[in-house]
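What follows is the content of target-v7.txt (compact mmCIF, C-alpha atoms).
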# COMPACT_ATOMS: atom_id res chain seq x y z
CA MET A 1 -81.46 -48.19 216.85
CA GLU A 2 -84.52 -50.27 215.93
CA PHE A 3 -87.40 -49.12 213.72
CA ASN A 4 -90.94 -50.42 213.47
CA LEU A 5 -91.48 -50.24 209.71
CA ASP A 6 -95.27 -50.46 210.12
CA GLU A 7 -95.34 -47.24 212.16
CA LEU A 8 -92.51 -45.39 210.41
CA ASP A 9 -93.05 -42.57 207.93
CA LEU A 10 -90.78 -39.94 206.40
CA GLY A 11 -91.75 -37.31 208.98
CA LYS A 12 -90.84 -39.53 211.94
CA LEU A 13 -87.64 -40.64 210.25
CA GLU A 14 -86.69 -37.03 209.53
CA ALA A 15 -87.35 -35.98 213.15
CA THR A 16 -85.34 -38.90 214.50
CA ALA A 17 -82.42 -38.19 212.17
CA PHE A 18 -82.49 -34.51 213.13
CA ARG A 19 -82.38 -35.30 216.87
CA MET A 20 -79.50 -37.70 216.30
CA ALA A 21 -77.62 -35.10 214.25
CA MET A 22 -78.14 -32.50 216.97
CA LEU A 23 -76.85 -34.90 219.60
CA ILE A 24 -73.78 -35.75 217.53
CA VAL A 25 -72.98 -32.08 216.84
CA ARG A 26 -73.56 -31.21 220.51
CA GLU A 27 -71.12 -33.88 221.69
CA ALA A 28 -68.64 -32.96 218.97
CA LEU A 29 -68.76 -29.29 219.94
CA GLY A 30 -68.02 -30.16 223.56
CA GLU A 31 -65.05 -32.28 222.46
CA ILE A 32 -63.80 -29.52 220.16
CA LEU A 33 -63.90 -27.03 223.03
CA GLY A 34 -62.01 -29.49 225.23
CA ALA A 35 -59.37 -29.99 222.52
CA MET A 36 -59.00 -26.24 222.13
CA ASP A 37 -58.45 -25.94 225.88
CA ASP A 38 -55.75 -28.65 225.69
CA TYR A 39 -54.03 -26.73 222.91
CA LEU A 40 -54.15 -23.45 224.84
CA ALA A 41 -52.66 -25.20 227.88
CA THR A 42 -49.76 -26.38 225.74
CA VAL A 43 -48.95 -23.07 224.02
CA ARG A 44 -49.69 -20.75 226.97
CA ASP A 45 -47.07 -18.50 228.52
CA LYS A 46 -46.04 -20.85 231.34
CA LYS A 47 -44.20 -18.06 233.12
CA ARG A 48 -47.45 -16.15 233.43
CA TYR A 49 -50.33 -18.65 233.62
CA GLU A 50 -50.30 -21.36 236.31
CA ILE A 51 -52.84 -24.20 235.93
CA ARG A 52 -55.10 -24.53 238.99
CA GLU A 53 -57.99 -26.88 238.24
CA LEU A 54 -60.31 -28.31 235.58
CA GLU A 55 -63.80 -26.79 235.72
CA GLU A 56 -67.01 -27.84 233.94
CA ARG A 57 -69.19 -25.32 232.13
CA GLU A 58 -72.52 -25.34 230.29
CA LEU A 59 -73.76 -23.14 227.45
CA ASP A 60 -77.18 -23.10 225.80
CA THR A 61 -76.38 -23.12 222.08
CA LEU A 62 -78.24 -23.64 218.81
CA VAL A 63 -77.52 -27.37 219.09
CA GLY A 64 -78.69 -27.62 222.70
CA VAL A 65 -76.86 -27.59 226.03
CA VAL A 66 -73.14 -28.04 225.42
CA ARG A 67 -71.11 -29.26 228.39
CA PHE A 68 -67.35 -29.02 228.39
CA LYS A 69 -64.40 -28.79 230.75
CA ARG A 70 -61.72 -26.15 230.64
CA ARG A 71 -58.76 -25.21 232.82
CA SER A 72 -58.63 -22.28 235.16
CA TYR A 73 -55.33 -20.45 235.59
CA ARG A 74 -53.85 -18.02 238.01
CA ASP A 75 -52.38 -15.02 236.22
CA LEU A 76 -49.05 -14.64 238.07
CA PHE A 77 -48.75 -11.04 236.83
CA THR A 78 -52.12 -9.83 238.15
CA GLY A 79 -53.09 -12.49 240.67
CA GLU A 80 -56.48 -12.98 238.98
CA MET A 81 -58.10 -16.30 238.08
CA VAL A 82 -58.69 -16.63 234.33
CA HIS A 83 -59.92 -19.16 231.74
CA LEU A 84 -57.89 -18.94 228.54
CA LEU A 85 -60.54 -20.75 226.51
CA ASP A 86 -63.22 -18.27 227.58
CA GLN A 87 -60.95 -15.36 226.73
CA THR A 88 -60.08 -16.78 223.32
CA LEU A 89 -63.72 -17.41 222.35
CA LYS A 90 -64.95 -14.19 224.04
CA ILE A 91 -67.28 -16.11 226.36
CA ARG A 92 -68.24 -14.00 229.37
CA GLU A 93 -67.82 -15.32 232.90
CA TYR A 94 -71.54 -15.54 233.66
CA GLN A 95 -72.77 -16.12 230.10
CA ARG A 96 -75.42 -18.82 229.89
CA ILE A 97 -76.86 -18.52 226.37
CA SER A 98 -74.82 -18.25 223.21
CA GLU A 99 -75.04 -15.32 220.82
CA GLY A 100 -76.65 -17.63 218.27
CA VAL A 101 -79.50 -18.54 220.64
CA ALA A 102 -80.06 -14.88 221.52
CA ARG A 103 -80.16 -13.90 217.84
CA VAL A 104 -82.63 -16.65 216.91
CA ALA A 105 -84.84 -15.96 219.95
CA VAL A 106 -85.08 -12.24 219.21
CA SER A 107 -85.63 -12.88 215.50
CA LEU A 108 -88.48 -15.32 216.24
CA ALA A 109 -90.00 -12.84 218.70
CA ALA A 110 -89.90 -9.99 216.18
CA SER A 111 -91.28 -12.08 213.34
CA GLY A 112 -94.21 -13.23 215.45
CA PRO A 113 -96.80 -14.02 216.31
CA SER A 114 -95.96 -13.89 220.06
CA TYR A 115 -93.22 -14.28 222.66
CA ARG A 116 -94.68 -17.59 223.79
CA ASN A 117 -94.67 -18.81 220.23
CA ALA A 118 -90.99 -17.81 219.93
CA ARG A 119 -90.25 -19.70 223.16
CA ASP A 120 -92.03 -22.83 221.91
CA LYS A 121 -90.34 -22.74 218.49
CA LEU A 122 -86.94 -22.37 220.13
CA GLU A 123 -87.73 -25.28 222.47
CA GLU A 124 -88.84 -27.40 219.53
CA MET A 125 -85.64 -26.52 217.68
CA LEU A 126 -83.26 -27.23 220.58
CA GLY A 127 -85.16 -30.10 222.20
CA GLU A 128 -85.38 -28.31 225.57
CA ARG A 129 -86.44 -24.96 226.97
CA VAL A 130 -83.49 -22.62 227.36
CA VAL A 131 -85.27 -19.29 227.92
CA SER A 132 -88.78 -18.26 229.03
CA HIS A 133 -91.15 -16.08 227.01
CA GLU A 134 -90.48 -13.24 229.44
CA GLY A 135 -86.74 -13.74 228.98
CA ILE A 136 -87.20 -13.47 225.20
CA ARG A 137 -89.28 -10.32 225.69
CA GLN A 138 -86.51 -8.76 227.77
CA LEU A 139 -83.92 -9.76 225.15
CA LEU A 140 -85.98 -7.96 222.50
CA PHE A 141 -86.25 -4.81 224.62
CA LYS A 142 -82.53 -4.84 225.36
CA THR A 143 -81.76 -5.32 221.67
CA SER A 144 -83.94 -2.33 220.79
CA GLU A 145 -82.08 -0.21 223.36
CA VAL A 146 -78.73 -1.27 221.91
CA ILE A 147 -79.96 -0.38 218.41
CA ASP A 148 -80.98 3.09 219.58
CA LYS A 149 -77.64 3.69 221.27
CA SER A 150 -75.54 2.37 218.42
CA LYS A 151 -74.04 5.06 216.23
CA GLU A 152 -73.52 4.58 212.53
CA PRO A 153 -69.94 5.20 211.39
CA GLU A 154 -69.44 8.73 210.18
CA VAL A 155 -69.12 8.86 206.40
CA PRO A 156 -69.41 11.73 203.90
CA ARG A 157 -73.06 12.48 203.15
CA ARG A 158 -74.27 11.00 199.88
CA ARG A 159 -75.70 12.93 196.96
CA VAL A 160 -78.38 11.30 194.81
CA LYS A 161 -80.67 12.70 192.13
CA VAL A 162 -83.83 11.06 193.47
CA LEU A 163 -84.65 9.82 196.99
CA PHE A 164 -87.83 7.89 197.84
CA ILE A 165 -89.80 8.00 201.09
CA GLU A 166 -92.64 5.49 201.37
CA ALA A 167 -94.77 6.14 204.45
CA ASP A 168 -97.65 4.20 205.95
CA GLY A 169 -99.42 3.67 209.24
CA LEU A 170 -100.78 0.76 211.26
CA TRP A 171 -103.65 1.01 213.75
CA THR A 172 -102.99 -1.10 216.84
CA GLY A 173 -104.58 -1.60 220.22
CA ARG A 174 -102.80 0.13 223.08
CA GLN A 175 -102.63 -1.11 226.65
CA GLY A 176 -104.85 0.86 229.01
CA LYS A 177 -106.72 2.62 226.20
CA ARG A 178 -110.05 1.84 224.58
CA ARG A 179 -109.21 3.44 221.27
CA LYS A 180 -106.53 2.26 218.88
CA GLU A 181 -103.54 4.42 218.01
CA GLN A 182 -101.64 4.65 214.76
CA THR A 183 -98.00 3.65 214.55
CA ARG A 184 -96.31 5.59 211.74
CA HIS A 185 -93.58 4.05 209.66
CA ALA A 186 -91.37 5.06 206.74
CA VAL A 187 -88.93 3.36 204.37
CA VAL A 188 -86.33 5.58 202.68
CA HIS A 189 -84.34 4.30 199.70
CA GLU A 190 -82.47 5.35 196.55
CA GLY A 191 -84.29 3.15 194.04
CA TRP A 192 -84.02 -0.47 192.89
CA ARG A 193 -81.56 -3.06 191.63
CA GLU A 194 -81.81 -6.69 190.56
CA ARG A 195 -81.45 -9.17 193.41
CA TYR A 196 -78.88 -10.93 191.24
CA PRO A 197 -77.84 -10.56 187.58
CA GLY A 198 -80.75 -11.50 185.34
CA SER A 199 -83.23 -11.68 188.22
CA ARG A 200 -86.86 -10.72 187.72
CA GLU A 201 -87.05 -9.67 191.36
CA TYR A 202 -85.74 -6.36 192.65
CA GLU A 203 -84.60 -4.99 195.97
CA THR A 204 -84.39 -1.42 197.21
CA ILE A 205 -81.01 0.28 197.59
CA ARG A 206 -79.66 1.54 200.94
CA GLU A 207 -82.82 1.46 203.00
CA ILE A 208 -83.40 3.63 206.04
CA ARG A 209 -86.34 2.40 208.12
CA TYR A 210 -87.98 4.60 210.71
CA MET A 211 -90.81 3.96 213.16
CA HIS A 212 -92.28 6.87 215.09
CA PRO A 213 -92.13 6.03 218.83
CA GLN A 214 -95.18 8.15 219.65
CA GLY A 215 -98.86 7.58 219.04
CA CYS A 216 -99.36 11.06 217.59
CA ARG A 217 -98.21 12.60 214.31
CA GLN A 218 -96.20 15.42 215.91
CA GLY A 219 -92.49 15.10 215.38
CA PHE A 220 -92.64 12.32 212.77
CA TRP A 221 -91.21 14.32 209.87
CA GLU A 222 -88.75 16.28 212.02
CA ARG A 223 -87.17 13.07 213.35
CA LEU A 224 -87.20 11.34 209.98
CA LEU A 225 -85.60 14.37 208.30
CA SER A 226 -82.90 14.39 210.98
CA GLN A 227 -82.03 10.75 210.21
CA ILE A 228 -82.03 11.34 206.46
CA GLU A 229 -79.76 14.40 206.70
CA GLN A 230 -77.15 12.32 208.55
CA VAL A 231 -76.78 10.21 205.40
CA TYR A 232 -77.75 12.49 202.47
CA ASP A 233 -77.00 15.97 201.23
CA LEU A 234 -80.44 16.98 199.91
CA GLU A 235 -79.47 20.25 198.24
CA ASP A 236 -79.81 18.92 194.66
CA THR A 237 -82.05 15.92 195.42
CA ILE A 238 -85.71 15.61 194.51
CA VAL A 239 -87.60 13.66 197.17
CA ILE A 240 -90.59 11.51 196.20
CA ILE A 241 -93.03 10.86 199.08
CA ASN A 242 -95.40 7.96 198.48
CA GLY A 243 -98.47 7.46 200.67
CA ASP A 244 -102.09 6.35 200.83
CA GLY A 245 -103.62 9.84 200.83
CA ALA A 246 -103.45 10.42 204.60
CA SER A 247 -102.97 14.08 205.47
CA TRP A 248 -100.04 13.39 207.83
CA ILE A 249 -98.09 11.85 204.94
CA ARG A 250 -98.74 14.82 202.63
CA GLU A 251 -97.40 17.13 205.33
CA GLY A 252 -93.92 15.75 204.61
CA VAL A 253 -93.70 17.75 201.34
CA ALA A 254 -93.16 20.93 203.36
CA TYR A 255 -90.01 19.54 205.02
CA PHE A 256 -87.92 19.11 201.88
CA PRO A 257 -86.68 21.87 199.53
CA ASN A 258 -87.51 19.89 196.37
CA CYS A 259 -90.28 17.36 196.90
CA MET A 260 -93.08 15.60 195.03
CA TYR A 261 -96.03 13.70 196.52
CA GLN A 262 -97.22 10.46 194.96
CA TYR A 263 -100.66 9.13 195.86
CA ASP A 264 -99.96 5.42 196.30
CA ARG A 265 -101.28 3.74 193.18
CA PHE A 266 -101.83 0.42 194.94
CA HIS A 267 -104.40 2.05 197.21
CA ILE A 268 -106.23 3.96 194.46
CA SER A 269 -106.29 0.86 192.26
CA ARG A 270 -107.67 -1.20 195.16
CA ASP A 271 -110.38 1.44 195.79
CA VAL A 272 -111.41 1.42 192.12
CA ARG A 273 -111.62 -2.37 191.99
CA GLY A 274 -113.57 -2.46 195.23
CA ALA A 275 -116.12 0.07 194.03
CA LEU A 276 -116.92 -1.75 190.76
CA SER A 277 -118.87 -5.00 190.84
CA ASP A 278 -118.69 -5.75 187.10
CA ARG A 279 -115.52 -7.73 186.25
CA ALA A 280 -115.21 -6.30 182.74
CA LEU A 281 -115.43 -2.73 184.07
CA LYS A 282 -112.85 -3.55 186.76
CA ALA A 283 -110.39 -4.72 184.13
CA LYS A 284 -110.96 -1.61 182.00
CA ALA A 285 -110.56 0.73 184.96
CA VAL A 286 -107.33 -0.90 186.13
CA GLU A 287 -105.92 -0.78 182.59
CA ALA A 288 -106.84 2.92 182.27
CA LEU A 289 -105.12 3.66 185.59
CA ARG A 290 -102.03 1.77 184.45
CA ASP A 291 -101.99 3.93 181.31
CA ASN A 292 -102.42 7.11 183.40
CA ASP A 293 -105.60 7.90 181.46
CA LEU A 294 -107.86 9.93 183.77
CA GLY A 295 -110.58 10.43 181.16
CA GLN A 296 -110.92 6.72 180.41
CA THR A 297 -110.91 5.82 184.12
CA VAL A 298 -113.69 8.32 184.85
CA GLU A 299 -115.71 6.99 181.90
CA VAL A 300 -115.54 3.46 183.29
CA LEU A 301 -116.66 4.66 186.73
CA GLU A 302 -119.57 6.57 185.17
CA ALA A 303 -120.56 3.43 183.25
CA GLY A 304 -120.66 1.62 186.57
CA LEU A 305 -122.83 4.36 188.09
CA LYS A 306 -125.54 3.77 185.49
CA THR A 307 -126.38 0.37 186.94
CA ALA A 308 -125.22 0.85 190.54
CA THR A 309 -127.64 1.30 193.44
CA GLY A 310 -127.43 1.99 197.15
CA LYS A 311 -124.00 1.55 198.79
CA GLU A 312 -122.30 0.64 195.53
CA CYS A 313 -123.41 3.92 193.98
CA LYS A 314 -122.12 5.84 197.00
CA ARG A 315 -118.73 4.07 196.84
CA LEU A 316 -118.37 4.79 193.14
CA ARG A 317 -119.10 8.49 193.61
CA THR A 318 -116.60 8.71 196.46
CA VAL A 319 -113.87 7.01 194.41
CA LYS A 320 -114.63 9.16 191.35
CA ASP A 321 -114.45 12.40 193.39
CA ASN A 322 -111.21 11.30 195.03
CA LEU A 323 -109.73 10.38 191.66
CA MET A 324 -110.58 13.70 190.05
CA SER A 325 -109.50 15.89 192.99
CA ASN A 326 -106.15 14.10 193.43
CA TRP A 327 -105.25 13.25 189.84
CA GLU A 328 -102.15 15.44 189.79
CA TYR A 329 -100.77 13.27 192.63
CA ILE A 330 -102.12 9.96 191.28
CA LEU A 331 -100.38 10.50 187.94
CA ASP A 332 -97.26 8.28 187.89
CA TYR A 333 -94.31 10.19 189.35
CA ARG A 334 -92.10 9.02 186.48
CA LEU A 335 -94.17 10.95 183.96
CA ARG A 336 -93.89 14.04 186.12
CA LEU A 337 -90.15 13.60 186.53
CA GLU A 338 -89.68 13.15 182.78
CA ALA A 339 -91.60 16.40 182.22
CA LEU A 340 -89.02 18.09 184.48
CA GLY A 341 -86.14 16.65 182.44
CA TYR A 342 -85.12 13.72 184.69
CA ASP A 343 -83.87 10.42 183.33
CA CYS A 344 -86.28 7.79 184.72
CA SER A 345 -84.62 4.67 183.33
CA GLY A 346 -84.41 2.03 186.05
CA LEU A 347 -87.15 3.59 188.19
CA ARG A 348 -90.07 1.38 189.20
CA GLY A 349 -93.49 1.63 190.77
CA LEU A 350 -93.67 2.44 194.46
CA GLY A 351 -95.01 0.27 197.26
CA SER A 352 -92.23 -0.72 199.70
CA GLY A 353 -94.02 1.02 202.56
CA GLU A 354 -97.12 -1.13 202.17
CA SER A 355 -95.13 -4.36 201.88
CA ASN A 356 -93.06 -3.57 204.98
CA ILE A 357 -96.03 -2.54 207.12
CA GLY A 358 -97.65 -5.82 206.13
CA LYS A 359 -95.02 -7.67 208.19
CA PHE A 360 -96.27 -5.84 211.28
CA LYS A 361 -99.94 -6.59 210.67
CA SER A 362 -99.53 -10.33 211.13
CA ARG A 363 -97.37 -9.74 214.22
CA VAL A 364 -99.53 -7.28 216.16
CA ARG A 365 -103.08 -8.06 215.02
CA GLY A 366 -105.54 -8.72 217.85
CA ARG A 367 -103.23 -7.64 220.68
CA ALA A 368 -102.85 -4.55 222.83
CA TRP A 369 -99.36 -3.06 222.99
CA SER A 370 -97.53 -0.55 225.10
CA GLN A 371 -95.86 2.28 223.22
CA LYS A 372 -92.47 0.92 224.28
CA GLY A 373 -93.35 -2.62 223.23
CA ILE A 374 -94.49 -1.91 219.69
CA TYR A 375 -91.57 0.47 219.11
CA ALA A 376 -89.06 -2.15 220.29
CA LEU A 377 -90.73 -4.77 218.11
CA GLY A 378 -90.48 -2.59 215.00
CA ASN A 379 -86.95 -1.54 215.83
CA VAL A 380 -85.77 -5.13 216.00
CA LEU A 381 -87.84 -6.29 213.01
CA PHE A 382 -86.07 -3.70 210.84
CA LYS A 383 -82.71 -5.26 211.72
CA VAL A 384 -84.08 -8.73 210.98
CA MET A 385 -85.04 -7.47 207.50
CA GLU A 386 -81.59 -5.96 207.02
CA GLY A 387 -79.82 -9.11 208.17
CA SER A 388 -77.82 -7.19 210.79
CA LEU A 389 -79.56 -8.37 213.98
CA GLY A 390 -76.51 -10.34 215.16
CA LEU A 391 -74.48 -7.14 215.54
CA TYR A 392 -76.85 -6.02 218.29
CA THR A 393 -77.79 -9.28 220.05
CA ARG A 394 -74.06 -9.88 220.57
CA GLN A 395 -73.89 -6.64 222.55
CA VAL A 396 -77.03 -7.58 224.48
CA VAL A 397 -75.55 -10.91 225.61
CA ASN A 398 -72.43 -9.12 226.82
CA CYS A 399 -74.53 -6.49 228.62
CA LEU A 400 -76.69 -9.10 230.39
CA ASP A 401 -73.59 -11.02 231.49
CA GLU A 402 -72.11 -7.89 233.07
CA GLN A 403 -75.39 -7.18 234.90
CA LEU A 404 -75.56 -10.74 236.23
CA LYS A 405 -71.95 -10.58 237.38
CA THR A 406 -72.65 -7.34 239.26
CA VAL A 407 -75.77 -8.77 240.92
CA VAL A 408 -74.05 -12.00 241.95
CA THR A 409 -70.98 -10.19 243.29
CA ALA A 410 -73.01 -7.68 245.28
CA GLY A 411 -75.56 -10.28 246.38
CA ALA A 412 -72.96 -12.68 247.75
CA GLY A 413 -71.80 -10.01 250.19
CA LEU A 414 -75.35 -9.40 251.38
CA VAL A 415 -75.97 -13.11 251.91
CA LYS A 416 -72.71 -13.46 253.85
CA LYS A 417 -73.62 -10.55 256.10
CA ALA A 418 -77.12 -11.88 256.70
CA VAL A 419 -75.98 -15.43 257.47
CA LEU A 420 -73.09 -14.50 259.77
CA GLY A 421 -75.25 -11.97 261.60
CA GLU A 422 -77.90 -14.53 262.56
CA GLU A 423 -77.88 -16.66 265.68
CA PRO A 424 -76.96 -20.35 265.22
CA GLY A 425 -79.71 -22.45 263.72
CA VAL A 426 -80.99 -21.61 260.27
CA LYS A 427 -84.70 -22.09 259.58
CA ARG A 428 -85.42 -24.33 256.62
CA GLY A 429 -88.30 -23.87 254.21
CA HIS A 430 -89.20 -22.82 250.68
CA PHE A 431 -87.60 -19.57 249.50
CA PRO A 432 -90.02 -17.63 247.18
CA CYS A 433 -87.11 -15.86 245.48
CA LEU A 434 -86.18 -19.14 243.81
CA ASP A 435 -89.36 -18.94 241.72
CA ARG A 436 -88.47 -15.62 240.08
CA GLY A 437 -87.22 -17.10 236.80
CA THR A 438 -84.15 -15.38 235.34
CA GLU A 439 -84.06 -12.39 237.70
CA GLY A 440 -80.67 -11.69 239.23
CA TYR A 441 -81.22 -12.76 242.84
CA ALA A 442 -83.06 -15.93 241.80
CA VAL A 443 -80.00 -16.94 239.77
CA LEU A 444 -77.72 -16.02 242.69
CA PHE A 445 -79.55 -18.07 245.31
CA ARG A 446 -80.00 -21.09 243.07
CA ARG A 447 -76.26 -20.95 242.38
CA LEU A 448 -75.53 -20.83 246.12
CA LEU A 449 -77.80 -23.79 246.85
CA GLU A 450 -76.37 -25.91 244.02
CA GLU A 451 -72.66 -25.11 244.36
CA GLY A 452 -72.25 -23.68 247.84
CA CYS A 453 -70.21 -20.57 248.65
CA ALA A 454 -66.93 -20.21 250.50
CA PHE A 455 -66.76 -17.06 252.63

If you took the structure in this file and wrote it as structure tokens, what would it be?
Amino acid sequence: MEFNLDELDLGKLEATAFRMAMLIVREALGEILGAMDDYLATVRDKKRYEIRELEERELDTLVGVVRFKRRSYRDLFTGEMVHLLDQTLKIREYQRISEGVARVAVSLAASGPSYRNARDKLEEMLGERVVSHEGIRQLLFKTSEVIDKSKEPEVPRRRVKVLFIEADGLWTGRQGKRRKEQTRHAVVHEGWRERYPGSREYETIREIRYMHPQGCRQGFWERLLSQIEQVYDLEDTIVIINGDGASWIREGVAYFPNCMYQYDRFHISRDVRGALSDRALKAKAVEALRDNDLGQTVEVLEAGLKTATGKECKRLRTVKDNLMSNWEYILDYRLRLEALGYDCSGLRGLGSGESNIGKFKSRVRGRAWSQKGIYALGNVLFKVMEGSLGLYTRQVVNCLDEQLKTVVTAGAGLVKKAVLGEEPGVKRGHFPCLDRGTEGYAVLFRRLLEEGCAF
């Protein structure tokens, strides 16, 4: 390989080295698969498996298109044709993309900002386009369906002293509607722990994430409660619900036998800072809120009112009234728990709901969504956050392979019947079905044209 040093920079060198590395790994993977097939041919049960022929296969993987050859065998016990390499590696007969590609594609789609962007990033990563944006969209929907159908293993319900529910909502455009609708979301957890020993960062413990599939508030708390009760015995648990003051969030208190509502302190602090224009007063107000000092906070707001005019004066009065009417909920929940005799060591300020909903805002902003689409997006994004997405995309790949096999098997019979039933002389021309992307019959007919079919 020759380089023009006058035109070379680190970025170009890095890109070139990466493409070379991908090519090397791709070729190596094909050779490894071939060597594995040779080994399986040697150690196979020769009384059962009879070698028939060497067949080539392609798979779209995270290192690009991998081509390899493996032997087909006739199973003398069943009479079926099998590929021992495929069986060993759990590669389906009609599988085209690897589980790794499916997982990355769905993860990119969920993380945003669009399906086309996910397609382009995947193409940039692999050096060629392996799946269309519509194919990625369908993968995401299928993954969401698998997630909904998957059942968690049955385990004894847990008992905890305190359980946290942080709820929030996101207004999004909906397809076919002029007005936006709110998507409601909740994060349930047991508290916090250090990310690693000595870390200054913390993570929540045993999260349950829930997104309401409907655009209305009805049924949100009933469905969330049903999920929680599958994991927790709430008889002796106090539930802390954290929210931004919305009435639908406060309604959740009525669904739990022992519950406390916390007005989200991030929101009230943001409102106070936004209402005050004087920096010194802002600092004093925030400090008073942090110290849970209602009197001092009100004094600062009143000091701001003395010089405020117009809209600023109106905002300050609104914030002051809200502060005074909701102070029993704004007061830090830890102080209230301590007053009830609870040990609050290790408990931290709330705000997971806001941070999680923030991941949706960048993904859905400026677009109109169907109810099914935004639910599927949230459903998959939760699994991306948990690091468990691969458990579900693996099932999706298997499901799609079975569907394709069914379509090809059934379609071949239809084609045979149609061809044999026609008079001699087949008209030639363009077949529109071939332009239908990854749909079943398009795949079938392209396969017939490329490889032929023996009837």

Would you list the contacts of segment 165-170 of chain A as a list in words, taking every protein, DNA or RNA residue within 7 Å and counting only C-alpha atoms, but skipping same-chain residues closer than 4 positions in sequence?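 Once the nearby chain positions are removed, what remains is Gln182, Thr183, Arg184, His185, Ala186, Val187, Val188, His189, Ile240, Ile241, Asn242, Gly243, Ile249, Ser352, Gly353 and Glu354 of chain A.
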
Selection from above, C-alpha atoms, as a PDB file, in the coordinates of the input, can you write it?
ATOM      1  CA  GLN A 182    -101.640   4.650 214.760  1.00  0.00           C
ATOM      2  CA  THR A 183     -98.000   3.650 214.550  1.00  0.00           C
ATOM      3  CA  ARG A 184     -96.310   5.590 211.740  1.00  0.00           C
ATOM      4  CA  HIS A 185     -93.580   4.050 209.660  1.00  0.00           C
ATOM      5  CA  ALA A 186     -91.370   5.060 206.740  1.00  0.00           C
ATOM      6  CA  VAL A 187     -88.930   3.360 204.370  1.00  0.00           C
ATOM      7  CA  VAL A 188     -86.330   5.580 202.680  1.00  0.00           C
ATOM      8  CA  HIS A 189     -84.340   4.300 199.700  1.00  0.00           C
ATOM      9  CA  ILE A 240     -90.590  11.510 196.200  1.00  0.00           C
ATOM     10  CA  ILE A 241     -93.030  10.860 199.080  1.00  0.00           C
ATOM     11  CA  ASN A 242     -95.400   7.960 198.480  1.00  0.00           C
ATOM     12  CA  GLY A 243     -98.470   7.460 200.670  1.00  0.00           C
ATOM     13  CA  ILE A 249     -98.090  11.850 204.940  1.00  0.00           C
ATOM     14  CA  SER A 352     -92.230  -0.720 199.700  1.00  0.00           C
ATOM     15  CA  GLY A 353     -94.020   1.020 202.560  1.00  0.00           C
ATOM     16  CA  GLU A 354     -97.120  -1.130 202.170  1.00  0.00           C
TER      17      GLU A 354
END

If we count all atoms listed in the file and set the cut-off at 8 Å, which residues sit around segment 155-157 of chain A, ignoring sequence neighbours fewer than 5 positions away in its own chain? Please answer as a list in words.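 Those residues are Glu229, Gln230, Val231, Tyr232 and Asp233 of chain A.
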
Let me make sure I understand: among A:Cys313, A:Ile208, A:Leu340, A:Ala254, which one has the smallest atom-to-atom distance to Glu222 of chain A if we use only C-alpha atoms? A:Ala254

So the first atom is atom CA of Ala246 of chain A and the second is atom CA of Glu287 of chain A; what is the distance between them in Å, to one decimal place?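 For atom CA of Ala246 of chain A relative to atom CA of Glu287 of chain A, the distance reads 24.8 Å.
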
Expressed in Å, the length from atom CA of Phe256 of chain A to atom CA of Leu337 of chain A is 16.5 Å

I want to know what sits within 12 Å of Asp343 of chain A, based on all atoms listed in the file, with residues of the same chain fewer than 5 positions away left out; could you give that as JSON, numbers by chain? {"A": [161, 162, 334, 335, 336, 337, 338]}

Just the number, please: distance in Å from atom CA of Ser132 of chain A to atom CA of Arg92 of chain A, one decimal. 21.0 Å

Report as a PyMOL selection string all protein, DNA and RNA residues lying within 9 Å of Gly304 of chain A, evaluated on only C-alpha atoms, omitting residues in the same chain fewer than 2 positions from it. chain A and resi 275-278+281+299-302+306-308+313+316

Measuring between only C-alpha atoms, which one of A:Leu126, A:Ala376, A:Ala105, A:Leu84 shows the shortest distance to Arg19 of chain A?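 Of the candidates, the smallest distance to Arg19 of chain A is held by A:Leu126.
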
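Among the candidates A:Arg315, A:Glu58, A:Glu99, A:Arg48, the residue lying nearest to Arg74 of chain A is A:Arg48 (atoms considered: only C-alpha atoms).
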
Which of these, A:His212, A:Ile24, A:Val65, A:His83, has the shortest distance to Glu53 of chain A once you count only C-alpha atoms?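 Of A:His212, A:Ile24, A:Val65, A:His83, the one nearest Glu53 of chain A, counting only C-alpha atoms, is A:His83.
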
Got a sec: who's within 10 Å of segment 190-192 of chain A, counting all atoms listed in the file, leaving out chain neighbours fewer than 4 positions off, as a list in words?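 Result of the neighbour search: Val160, Lys161, Val162, Leu163, Phe164, Ile165, Glu201, Tyr202, Glu203, Thr204, Ile205, Arg206, Glu207, Ile208, Val239, Gly346, Leu347, Arg348, Gly349 and Leu350 of chain A.
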
Using only C-alpha atoms, which of A:Leu108, A:Phe18, A:Val25, A:Lys69 sits nearest Leu140 of chain A? A:Leu108
